[in-house]
Number of protein chains: 2
Amino acid sequence: MKRRDLLTAAGIGAAAVALSGCQKQECDEQAAATTSEKQTFEWKLVTSWPKNFPGLGMAPERLSKLVDTMSNGRLKIKVYGAGELVPALEVFDAVSRGTAQMGHSGAYYWKGKVPAAQFFTSVPYGLTAQEINAWINYGGGQELWEEIYAEHDVYPLPGGNTGVQMAGWFNKEINSIEDLKGLKMRIPGLGGEVLKRVGGTPVNIPGGELFTALQTGAIDATEWVGPYNDLAFGFYKAAKFCYYPGWHEPGSMMEFSINKTALNGLPADLQEILKVATKAINQDMLDEYTARNNAALSELVNKHNVEVRRLPDEVLAVLKTTSDEVVSEVAKTDPLTQKVFDSFIAFRDGVSNWHALSEQAYINARSGS
Amino acid sequence: MKRRDLLTAAGIGAAAVALSGCQKQECDEQAAATTSEKQTFEWKLVTSWPKNFPGLGMAPERLSKLVDTMSNGRLKIKVYGAGELVPALEVFDAVSRGTAQMGHSGAYYWKGKVPAAQFFTSVPYGLTAQEINAWINYGGGQELWEEIYAEHDVYPLPGGNTGVQMAGWFNKEINSIEDLKGLKMRIPGLGGEVLKRVGGTPVNIPGGELFTALQTGAIDATEWVGPYNDLAFGFYKAAKFCYYPGWHEPGSMMEFSINKTALNGLPADLQEILKVATKAINQDMLDEYTARNNAALSELVNKHNVEVRRLPDEVLAVLKTTSDEVVSEVAKTDPLTQKVFDSFIAFRDGVSNWHALSEQAYINARSGS
C-alpha cells in the first residue's frame, strides 16, 4: 500500500501524520481517537436574502463566524446570498436534496409543500417573539416542526426574529374598515388573505420594486418589516402615513434549515456547536432589531416628520376576527397541520393570559395607559 | 520533497498522532500545535441558588452540559449550589479572587461593592427581558458592565431572565396608596426602598422562611418570582390575594460572572464556546419561565381558585414616580453609576417609544384592550 492510500484507507481525511514509529494496535487506536477531532467539514448555506442584508441577512454570516471560531476551523460554512447558488425561494429544496447543507429563510415560504410550515414564521394575531421561542422550546413546537419536515430530510431551528412589525406605509387614510375596501396593498401570505376577505386587493411585489410602486400609485400601501429596514428603503418619501401595529406579523421567526443526513454526519461536538450557535443567533437578531428599530423610529419621526398612526380599534377588531377564521381554515388542510394549529393556538391562548398579567400589564403601567 | 513538506503541502495542519518516529524539531512543532486542542480545563462554578432550583438554578447545570459536549470534554464545569463552596452572596468575591472560575447569580446582590451593578439585574420601572437584552448587546450595556467589574477581574455575561415578575402575595387588600402605609412586606433592594418612601415597612427574609412568615402574620405580604416558582412555594395557601404586575422587577436578568484571568487562559475556541453557550442559556431561561408561568398561572387560578388582582392605577402611578426618584438617587452615588444610569434610562425611554407601537400596541390589540 502506498502511503497515500494508507491515509485514505484509514478514512482519516486530514489526520494521521507520522504513523511510522508506532505499533500497529497503538496506531489504530490513536487514529480512531483523533479522526473526529481532526476531520474538517466545508458546508454551503443558502439564503433568501441579498448578502449582508441588514438584520435578516446578517444572521447566517454571524453564524458562520461563530461556528468557525468555536470549532477551531473544523466546520466552515460558506454563505450564499439569494440567487448566488439557488433562487431565493428554493432554499428548502436545496437543503432537502443536499445541494447545500444549510439554509436561512422563513418557513412560511414553503407552505405550498408543507402547509403547516406557516405556523413557524408568523400568523396574523399569533405569537410575539418571546412567546414563539417559548412555544418552540418548552411548548412542543420544536418537535412538531421536526415532524412536518421529517420526510424532506430537513432539520429546522429558530434563526432570529424581527419582533412585532409595522402595519405598513399607506397613501390612503384608514379610519374605518370601509377604507380597506379596494385598497391595493403589497401584503403576502395569510395577512394578504385576510385583507382580501375584508375587501382589499393584496398583491405581491418584490422588495426592490416597492418604492416605485408606492410612489407611482401602482399600489396604495405596502407592509415591509419595521423602522430599521423601512428607513433604509426610504418609504417615508413615497407614503403619507405609517400605521401600526403589525397585526399580520407579530414576531416573524426566521428558520435555519439543516440537511439531516449532513447534520448526523457531524461528530457530536460539532452538532452541538452548530445547534447552540443558532440559538445565540436567534436571540441576537431580536436584540439588534429591538435596538435599531428604536433608533430608526426616532429618526423617522423627528428628522423626517413621519406621521405614525395606530389603526383604529374597529379595524383591528375586524382584522382579528377575520384572521382567526383564515388561520382556522389553514388548519383544515390536513391532519398534521391541524395538530400544529391546535398546539399553537392552545399555547397562544395560555400565554396571552399570562402576558396579560406580566408583559402587557407592566408595559401599560410604565406608559401610564 | 521531504515527508514533512509533503504533509504540509497536503494542507494537513493540526494532526500529529505518533511522535515516536519524528525528528526532534518536527516533534516539538507537532506537540505545540496540538497542546491547546488537547489541554483540558476543570472549572468550578458557584451559585446563589440551591442546586437544581427550578428555573434560576437550572441555568448553570445546563451550561455545564452544553459546554462539555461542545468542547468534547475539554472544558468541564462543576456546579456548586449556594453554601457548598461559598455562601450564596459571596459568589462575586469568589469569582473575583479565583476561588471559582465562574459564578451564576444576580448582579444587584453586589451593590455594596459596585453600586452600578443594580442596573444589570432589574430596577423598578426599568427594562423588560427583551429590552434589557437589546440594551446589553446593541445599546452599550455590555461594555458598561465590563467596565464596572474591570478592577475586580470579573467578566460578566447575561445568564437568563425571569420575565416580568408578579407584584406579590398579600393578606391586605390594596385599594389605594394609603393601604401600603404600614404594610410589612418582604421586598428587597430598590423595590423595598420605594415601598418605604410610600410608608411601608420592607423586610428581607430568606426564601425558606417566607411561607411561615406569611402564614403567621409576621409579614403582610411578600414578592417572590412568578407563578412557576410561587406555586411550588405554596404561597396561595398562606395569602388571600395575588397582585400584579411586578413593577419592581420587570425582567430580572441573571448574571454569569467569569474570572477574567481564567477566561483569558482558555484557547480561543473554548472562550467562544463558553460565551455562545451563555447566550443560549440566557434565552433558554426566559423560554422556560414564559411557558411554565403560563401553565402554573392556569393551575393557580383554575385549581386553587387564587384571586389575581391588578394593582390600582393610582398605586401604580405613585410607585412609578417614587421609583424614578429612587433610581435617580442611586445614579448620584458616583460618576460611573451616573454613566450607567444615563445609558440605561436613555435606552428605556427610546425603546418604550418603539414598544408603544409594536409589542405593547400589538398585545393590546390582540386582547381587544
# chains A, B, ... in the order shown; residues from 1 in each chain; ligands from 1

$ calpha_fit_rmsd --fixed "chain A" --moving "chain B"
4.7 Å

$ residues_around --residues "Pro60 in chain B" --least-positions-apart "6" --cutoff "12 Å" --atoms "only C-alpha atoms" --output "compact mmCIF listing (two decimals) with C-alpha atoms, in the first residue's frame"
# COMPACT_ATOMS: atom_id res chain seq x y z
CA LYS B 44 -15.75 25.43 39.42
CA LEU B 45 -18.99 27.42 39.14
CA VAL B 46 -20.58 28.77 42.35
CA THR B 47 -24.18 29.95 42.54
CA SER B 48 -26.62 31.80 44.79
CA TRP B 49 -29.28 29.11 44.36
CA PRO B 50 -29.93 25.72 45.91
CA LYS B 51 -28.73 23.05 43.48
CA ASN B 52 -31.21 22.46 40.66
CA PHE B 53 -33.58 25.17 41.96
CA PRO B 54 -36.34 25.29 39.30
CA LEU B 66 -23.66 22.21 26.76
CA VAL B 67 -20.03 23.25 27.20
CA ILE B 77 -17.56 22.96 34.72
CA LYS B 78 -18.59 21.60 38.11
CA VAL B 79 -21.57 23.42 39.62
CA TYR B 80 -21.79 24.14 43.36
CA GLY B 81 -25.10 25.12 44.98
CA MET B 102 -17.34 31.14 37.32
CA GLY B 103 -20.46 32.22 39.14
CA HIS B 104 -24.20 32.37 38.49
CA SER B 105 -26.19 34.91 40.45
CA PRO B 158 -26.29 37.65 30.76
CA GLY B 159 -27.38 34.40 32.42
CA GLY B 160 -31.13 34.13 31.93
CA MET B 254 -29.28 36.78 35.89
CA GLU B 255 -25.51 37.00 35.63
CA PHE B 256 -22.75 34.64 34.62
CA SER B 257 -19.54 36.02 36.10
CA LEU B 274 -18.33 29.43 26.68
CA ALA B 277 -23.31 28.82 25.39
CA THR B 278 -24.20 31.52 27.96
CA ALA B 280 -28.18 30.15 24.50
CA ILE B 281 -28.82 29.70 28.23
CA ASN B 282 -29.88 33.32 28.56
CA ASP B 284 -33.46 29.25 27.45
CA MET B 285 -34.40 30.53 30.92

$ closest_atom_pairs --of "range 137-196 of chain B" --to "range 89-92 of chain B" --cutoff "10 Å" --atoms "only C-alpha atoms" --output "Markdown table"
| residue | atom | partner | partner_atom | distance |
| --- | --- | --- | --- | --- |
| B:Tyr149 | CA | B:Phe92 | CA | 9.9 |
| B:His152 | CA | B:Phe92 | CA | 9.0 |
| B:Val154 | CA | B:Phe92 | CA | 8.1 |

$ residues_around --residues "Leu183 in chain B" --least-positions-apart "3" --cutoff "9 Å" --atoms "only C-alpha atoms" --output "number ranges by chain"
B: 172, 179-180, 195, 199-202, 219-221

$ write_last_selection --atoms "all heavy atoms" --output "compact mmCIF listing (two decimals), in the first residue's frame"
# COMPACT_ATOMS: atom_id res chain seq x y z
N LYS B 172 -53.44 41.75 52.81
CA LYS B 172 -54.19 43.00 52.95
C LYS B 172 -54.59 43.45 51.55
O LYS B 172 -53.80 43.37 50.61
CB LYS B 172 -53.30 44.09 53.59
CG LYS B 172 -53.36 44.14 55.11
CD LYS B 172 -52.50 45.28 55.64
CE LYS B 172 -53.10 46.67 55.38
NZ LYS B 172 -52.19 47.76 55.83
N ASP B 179 -53.21 52.11 51.56
CA ASP B 179 -53.12 50.72 52.03
C ASP B 179 -51.69 50.19 52.09
O ASP B 179 -51.44 49.13 52.65
CB ASP B 179 -53.98 49.80 51.15
CG ASP B 179 -55.47 50.13 51.29
OD1 ASP B 179 -55.90 50.45 52.41
OD2 ASP B 179 -56.18 50.09 50.26
N LEU B 180 -50.78 50.93 51.46
CA LEU B 180 -49.37 50.49 51.54
C LEU B 180 -48.72 51.02 52.83
O LEU B 180 -47.66 50.53 53.24
CB LEU B 180 -48.58 50.99 50.33
CG LEU B 180 -48.98 50.41 48.96
CD1 LEU B 180 -48.16 51.06 47.84
CD2 LEU B 180 -48.78 48.90 48.92
N LEU B 195 -41.06 51.15 48.49
CA LEU B 195 -42.15 50.87 49.45
C LEU B 195 -42.00 51.71 50.71
O LEU B 195 -42.98 52.25 51.24
CB LEU B 195 -42.17 49.36 49.81
CG LEU B 195 -43.27 48.96 50.80
CD1 LEU B 195 -44.66 49.11 50.19
CD2 LEU B 195 -43.07 47.52 51.32
N GLY B 199 -44.43 54.75 52.72
CA GLY B 199 -44.96 54.49 54.06
C GLY B 199 -44.97 53.04 54.52
O GLY B 199 -45.40 52.73 55.63
N GLY B 200 -44.51 52.12 53.68
CA GLY B 200 -44.48 50.71 54.06
C GLY B 200 -43.23 50.34 54.83
O GLY B 200 -42.33 51.17 55.03
N THR B 201 -43.18 49.08 55.27
CA THR B 201 -42.02 48.59 56.01
C THR B 201 -41.43 47.38 55.27
O THR B 201 -41.91 46.26 55.42
CB THR B 201 -42.44 48.14 57.43
OG1 THR B 201 -43.16 49.21 58.05
CG2 THR B 201 -41.24 47.75 58.28
N PRO B 202 -40.41 47.63 54.44
CA PRO B 202 -39.81 46.49 53.73
C PRO B 202 -38.94 45.66 54.67
O PRO B 202 -38.23 46.22 55.51
CB PRO B 202 -38.94 47.16 52.67
CG PRO B 202 -38.60 48.51 53.23
CD PRO B 202 -39.75 48.91 54.10
N ILE B 219 -45.45 38.85 58.48
CA ILE B 219 -45.46 39.83 57.38
C ILE B 219 -46.85 39.85 56.74
O ILE B 219 -47.60 38.87 56.84
CB ILE B 219 -44.40 39.51 56.29
CG1 ILE B 219 -44.53 38.06 55.76
CG2 ILE B 219 -42.98 39.75 56.81
CD1 ILE B 219 -43.63 37.74 54.58
N ASP B 220 -47.18 41.00 56.12
CA ASP B 220 -48.48 41.13 55.45
C ASP B 220 -48.42 40.69 54.00
O ASP B 220 -49.46 40.42 53.39
CB ASP B 220 -48.93 42.59 55.45
CG ASP B 220 -49.00 43.17 56.86
OD1 ASP B 220 -49.56 42.49 57.74
OD2 ASP B 220 -48.47 44.29 57.07
N ALA B 221 -47.21 40.68 53.46
CA ALA B 221 -47.09 40.41 52.02
C ALA B 221 -45.66 40.02 51.67
O ALA B 221 -44.73 40.31 52.42
CB ALA B 221 -47.48 41.67 51.23

$ residues_around --residues "Thr333 in chain B" --least-positions-apart "4" --cutoff "10 Å" --atoms "only C-alpha atoms" --output "ChimeraX atom specification"
/B:115-116,328-329,337-338

$ write_last_selection --atoms "N, CA and C atoms" --output "mmCIF file, in the first residue's frame"
data_model
loop_
_atom_site.group_PDB
_atom_site.id
_atom_site.type_symbol
_atom_site.label_atom_id
_atom_site.label_comp_id
_atom_site.auth_asym_id
_atom_site.auth_seq_id
_atom_site.Cartn_x
_atom_site.Cartn_y
_atom_site.Cartn_z
ATOM 1 N N PRO B 115 -22.039 49.855 43.148
ATOM 2 C CA PRO B 115 -23.426 50.365 43.128
ATOM 3 C C PRO B 115 -24.104 50.259 41.762
ATOM 4 N N ALA B 116 -23.334 50.469 40.693
ATOM 5 C CA ALA B 116 -23.924 50.447 39.348
ATOM 6 C C ALA B 116 -24.424 49.060 38.944
ATOM 7 N N SER B 328 -32.960 57.565 40.337
ATOM 8 C CA SER B 328 -32.098 58.725 40.031
ATOM 9 C C SER B 328 -31.120 58.979 41.161
ATOM 10 N N GLU B 329 -31.552 58.735 42.386
ATOM 11 C CA GLU B 329 -30.650 58.955 43.528
ATOM 12 C C GLU B 329 -29.503 57.958 43.519
ATOM 13 N N THR B 337 -21.646 55.142 38.134
ATOM 14 C CA THR B 337 -23.056 54.767 38.270
ATOM 15 C C THR B 337 -23.926 55.743 37.478
ATOM 16 N N GLN B 338 -23.571 57.011 37.510
ATOM 17 C CA GLN B 338 -24.314 58.020 36.739
ATOM 18 C C GLN B 338 -24.249 57.706 35.237
#

$ residues_around --residues "Glu173 in chain B" --least-positions-apart "3" --cutoff "12 Å" --atoms "only C-alpha atoms" --output "PyMOL selection string"
chain B and resi 168-170+176-181+183+220-221+239-243+307-312

$ write_last_selection --atoms "N, CA and C atoms" --output "tab-separated table (two decimals), in the first residue's frame"
chain	number	residue	atom	x	y	z
B	168	GLY	N	-46.76	40.34	43.93
B	168	GLY	CA	-46.59	39.55	45.16
B	168	GLY	C	-47.88	39.02	45.74
B	169	TRP	N	-47.74	38.37	46.89
B	169	TRP	CA	-48.83	37.73	47.60
B	169	TRP	C	-49.17	38.56	48.83
B	170	PHE	N	-50.45	38.89	49.01
B	170	PHE	CA	-50.86	39.85	50.03
B	170	PHE	C	-51.98	39.29	50.91
B	176	SER	N	-55.80	51.60	47.55
B	176	SER	CA	-55.24	52.93	47.33
B	176	SER	C	-53.84	52.96	47.93
B	177	ILE	N	-53.15	54.04	47.66
B	177	ILE	CA	-51.78	54.16	48.15
B	177	ILE	C	-51.76	54.14	49.69
B	178	GLU	N	-52.86	54.54	50.31
B	178	GLU	CA	-52.98	54.51	51.79
B	178	GLU	C	-52.78	53.10	52.34
B	179	ASP	N	-53.21	52.11	51.56
B	179	ASP	CA	-53.12	50.72	52.03
B	179	ASP	C	-51.69	50.19	52.09
B	180	LEU	N	-50.78	50.93	51.46
B	180	LEU	CA	-49.37	50.49	51.54
B	180	LEU	C	-48.72	51.02	52.83
B	181	LYS	N	-49.35	52.00	53.44
B	181	LYS	CA	-48.80	52.59	54.69
B	181	LYS	C	-48.84	51.54	55.79
B	183	LEU	N	-47.63	48.68	55.67
B	183	LEU	CA	-47.57	47.31	55.14
B	183	LEU	C	-46.18	46.69	55.36
B	220	ASP	N	-47.18	41.00	56.12
B	220	ASP	CA	-48.48	41.13	55.45
B	220	ASP	C	-48.42	40.69	54.00
B	221	ALA	N	-47.21	40.68	53.46
B	221	ALA	CA	-47.09	40.41	52.02
B	221	ALA	C	-45.66	40.02	51.67
B	239	ALA	N	-51.83	33.20	51.59
B	239	ALA	CA	-52.16	34.60	51.27
B	239	ALA	C	-53.53	34.68	50.60
B	240	LYS	N	-54.22	35.79	50.83
B	240	LYS	CA	-55.56	35.96	50.26
B	240	LYS	C	-55.56	36.41	48.81
B	241	PHE	N	-54.61	37.33	48.48
B	241	PHE	CA	-54.63	37.91	47.13
B	241	PHE	C	-53.26	37.83	46.46
B	242	CYS	N	-53.32	37.69	45.17
B	242	CYS	CA	-52.10	37.73	44.37
B	242	CYS	C	-52.20	38.96	43.46
B	243	TYR	N	-51.26	39.90	43.61
B	243	TYR	CA	-51.32	41.14	42.82
B	243	TYR	C	-50.30	41.15	41.69
B	307	GLU	N	-57.26	34.42	43.65
B	307	GLU	CA	-57.81	35.65	43.11
B	307	GLU	C	-56.65	36.55	42.68
B	308	VAL	N	-56.52	36.72	41.38
B	308	VAL	CA	-55.41	37.52	40.87
B	308	VAL	C	-55.92	38.93	40.57
B	309	ARG	N	-55.30	39.93	41.18
B	309	ARG	CA	-55.79	41.31	41.03
B	309	ARG	C	-54.72	42.24	40.51
B	310	ARG	N	-55.15	43.21	39.74
B	310	ARG	CA	-54.23	44.23	39.25
B	310	ARG	C	-54.12	45.32	40.32
B	311	LEU	N	-52.93	45.82	40.58
B	311	LEU	CA	-52.78	46.97	41.47
B	311	LEU	C	-53.53	48.14	40.84
B	312	PRO	N	-54.22	48.95	41.66
B	312	PRO	CA	-54.98	50.07	41.08
B	312	PRO	C	-54.07	51.06	40.34

$ select_by_dssp --residues "range 37-107 of chain A" --states "strand (DSSP E or B)" --output "compact mmCIF listing (two decimals) with all heavy atoms, in the first residue's frame"
# COMPACT_ATOMS: atom_id res chain seq x y z
N PHE A 41 -15.05 19.99 7.87
CA PHE A 41 -16.25 19.95 7.05
C PHE A 41 -16.43 21.30 6.37
O PHE A 41 -16.28 22.34 7.01
CB PHE A 41 -17.47 19.65 7.92
CG PHE A 41 -17.41 18.30 8.58
CD1 PHE A 41 -16.72 18.14 9.78
CD2 PHE A 41 -18.00 17.19 8.00
CE1 PHE A 41 -16.63 16.89 10.39
CE2 PHE A 41 -17.91 15.93 8.60
CZ PHE A 41 -17.23 15.79 9.80
N GLU A 42 -16.74 21.26 5.09
CA GLU A 42 -17.00 22.51 4.37
C GLU A 42 -18.43 22.51 3.90
O GLU A 42 -18.81 21.70 3.06
CB GLU A 42 -16.02 22.65 3.21
CG GLU A 42 -14.58 22.59 3.72
CD GLU A 42 -13.60 23.40 2.88
OE1 GLU A 42 -13.96 23.77 1.75
OE2 GLU A 42 -12.49 23.64 3.38
N TRP A 43 -19.21 23.38 4.47
CA TRP A 43 -20.64 23.41 4.19
C TRP A 43 -21.01 24.65 3.39
O TRP A 43 -20.34 25.67 3.44
CB TRP A 43 -21.43 23.42 5.52
CG TRP A 43 -21.62 22.06 6.12
CD1 TRP A 43 -20.87 20.94 5.90
CD2 TRP A 43 -22.64 21.69 7.07
NE1 TRP A 43 -21.36 19.89 6.65
CE2 TRP A 43 -22.43 20.32 7.38
CE3 TRP A 43 -23.68 22.38 7.69
CZ2 TRP A 43 -23.26 19.64 8.27
CZ3 TRP A 43 -24.50 21.69 8.58
CH2 TRP A 43 -24.29 20.34 8.86
N LYS A 44 -22.13 24.49 2.70
CA LYS A 44 -22.72 25.65 2.00
C LYS A 44 -24.03 26.02 2.70
O LYS A 44 -24.80 25.14 3.09
CB LYS A 44 -23.05 25.27 0.54
CG LYS A 44 -21.83 24.95 -0.32
CD LYS A 44 -22.29 24.67 -1.76
CE LYS A 44 -21.12 24.35 -2.67
NZ LYS A 44 -20.62 22.96 -2.49
N LEU A 45 -24.28 27.30 2.82
CA LEU A 45 -25.54 27.79 3.40
C LEU A 45 -26.18 28.75 2.41
O LEU A 45 -25.58 29.76 2.04
CB LEU A 45 -25.26 28.49 4.74
CG LEU A 45 -26.47 28.93 5.57
CD1 LEU A 45 -26.08 29.08 7.04
CD2 LEU A 45 -27.12 30.21 5.08
N VAL A 46 -27.39 28.42 1.96
CA VAL A 46 -28.09 29.28 1.00
C VAL A 46 -29.19 30.07 1.72
O VAL A 46 -29.75 29.59 2.70
CB VAL A 46 -28.69 28.45 -0.16
CG1 VAL A 46 -27.58 27.91 -1.05
CG2 VAL A 46 -29.56 27.31 0.34
N THR A 47 -29.43 31.28 1.25
CA THR A 47 -30.39 32.14 1.94
C THR A 47 -31.39 32.75 0.97
O THR A 47 -31.21 32.70 -0.25
CB THR A 47 -29.69 33.32 2.65
OG1 THR A 47 -29.35 34.31 1.67
CG2 THR A 47 -28.44 32.89 3.35
N LEU A 75 -15.46 23.28 11.18
CA LEU A 75 -16.70 23.38 10.41
C LEU A 75 -16.76 24.77 9.77
O LEU A 75 -16.95 25.78 10.45
CB LEU A 75 -17.92 23.14 11.32
CG LEU A 75 -19.31 23.27 10.68
CD1 LEU A 75 -19.45 22.43 9.41
CD2 LEU A 75 -20.41 22.89 11.67
N LYS A 76 -16.55 24.78 8.47
CA LYS A 76 -16.57 26.03 7.70
C LYS A 76 -17.91 26.11 6.99
O LYS A 76 -18.32 25.16 6.31
CB LYS A 76 -15.47 26.01 6.63
CG LYS A 76 -14.06 25.95 7.18
CD LYS A 76 -13.55 27.34 7.48
CE LYS A 76 -12.07 27.32 7.86
NZ LYS A 76 -11.69 28.58 8.56
N ILE A 77 -18.59 27.24 7.14
CA ILE A 77 -19.89 27.41 6.49
C ILE A 77 -19.79 28.61 5.55
O ILE A 77 -19.59 29.73 6.01
CB ILE A 77 -21.01 27.64 7.53
CG1 ILE A 77 -21.10 26.42 8.48
CG2 ILE A 77 -22.34 27.86 6.84
CD1 ILE A 77 -22.06 26.62 9.64
N LYS A 78 -19.92 28.35 4.26
CA LYS A 78 -19.85 29.45 3.29
C LYS A 78 -21.27 29.91 2.95
O LYS A 78 -22.12 29.09 2.58
CB LYS A 78 -19.12 28.96 2.03
CG LYS A 78 -18.84 30.08 1.04
CD LYS A 78 -17.89 29.60 -0.06
CE LYS A 78 -18.02 30.42 -1.29
NZ LYS A 78 -17.44 31.58 -1.56
N VAL A 79 -21.51 31.19 3.11
CA VAL A 79 -22.85 31.74 2.93
C VAL A 79 -23.05 32.25 1.50
O VAL A 79 -22.21 32.98 0.98
CB VAL A 79 -23.09 32.90 3.93
CG1 VAL A 79 -24.47 33.51 3.72
CG2 VAL A 79 -22.92 32.40 5.36
N TYR A 80 -24.15 31.84 0.88
CA TYR A 80 -24.52 32.32 -0.46
C TYR A 80 -25.78 33.17 -0.38
O TYR A 80 -26.78 32.74 0.21
CB TYR A 80 -24.78 31.13 -1.40
CG TYR A 80 -23.54 30.30 -1.67
CD1 TYR A 80 -23.14 29.30 -0.79
CD2 TYR A 80 -22.76 30.55 -2.80
CE1 TYR A 80 -21.99 28.56 -1.03
CE2 TYR A 80 -21.61 29.81 -3.05
CZ TYR A 80 -21.22 28.82 -2.16
OH TYR A 80 -20.08 28.09 -2.39
N MET A 102 -27.09 23.71 4.52
CA MET A 102 -27.91 24.57 5.37
C MET A 102 -28.61 25.66 4.58
O MET A 102 -28.17 26.03 3.49
CB MET A 102 -27.03 25.27 6.43
CG MET A 102 -26.79 24.46 7.66
SD MET A 102 -25.95 25.44 8.95
CE MET A 102 -27.36 26.23 9.75
N GLY A 103 -29.68 26.19 5.20
CA GLY A 103 -30.37 27.33 4.63
C GLY A 103 -30.77 28.31 5.70
O GLY A 103 -30.84 27.95 6.89
N HIS A 104 -31.02 29.55 5.29
CA HIS A 104 -31.59 30.55 6.21
C HIS A 104 -32.69 31.28 5.46
O HIS A 104 -32.44 31.89 4.41
CB HIS A 104 -30.52 31.54 6.69
CG HIS A 104 -31.03 32.44 7.78
ND1 HIS A 104 -31.28 33.77 7.59
CD2 HIS A 104 -31.37 32.17 9.07
CE1 HIS A 104 -31.73 34.30 8.74
NE2 HIS A 104 -31.79 33.36 9.65
N SER A 105 -33.91 31.17 6.00
CA SER A 105 -35.05 31.72 5.29
C SER A 105 -36.21 31.84 6.27
O SER A 105 -36.00 31.94 7.48
CB SER A 105 -35.39 30.79 4.12
OG SER A 105 -36.38 31.37 3.31

$ select_by_dssp --residues "range 77-215 of chain A" --states "alpha helix (DSSP H)" --output "PyMOL selection string"
chain A and resi 91-97+129-138+141-149+189-197+210-215

$ closest_residue --among "B:Pro87, B:Gly140, B:Gly265, B:Pro206" --to "chain A" --atoms "only C-alpha atoms"
B:Gly140
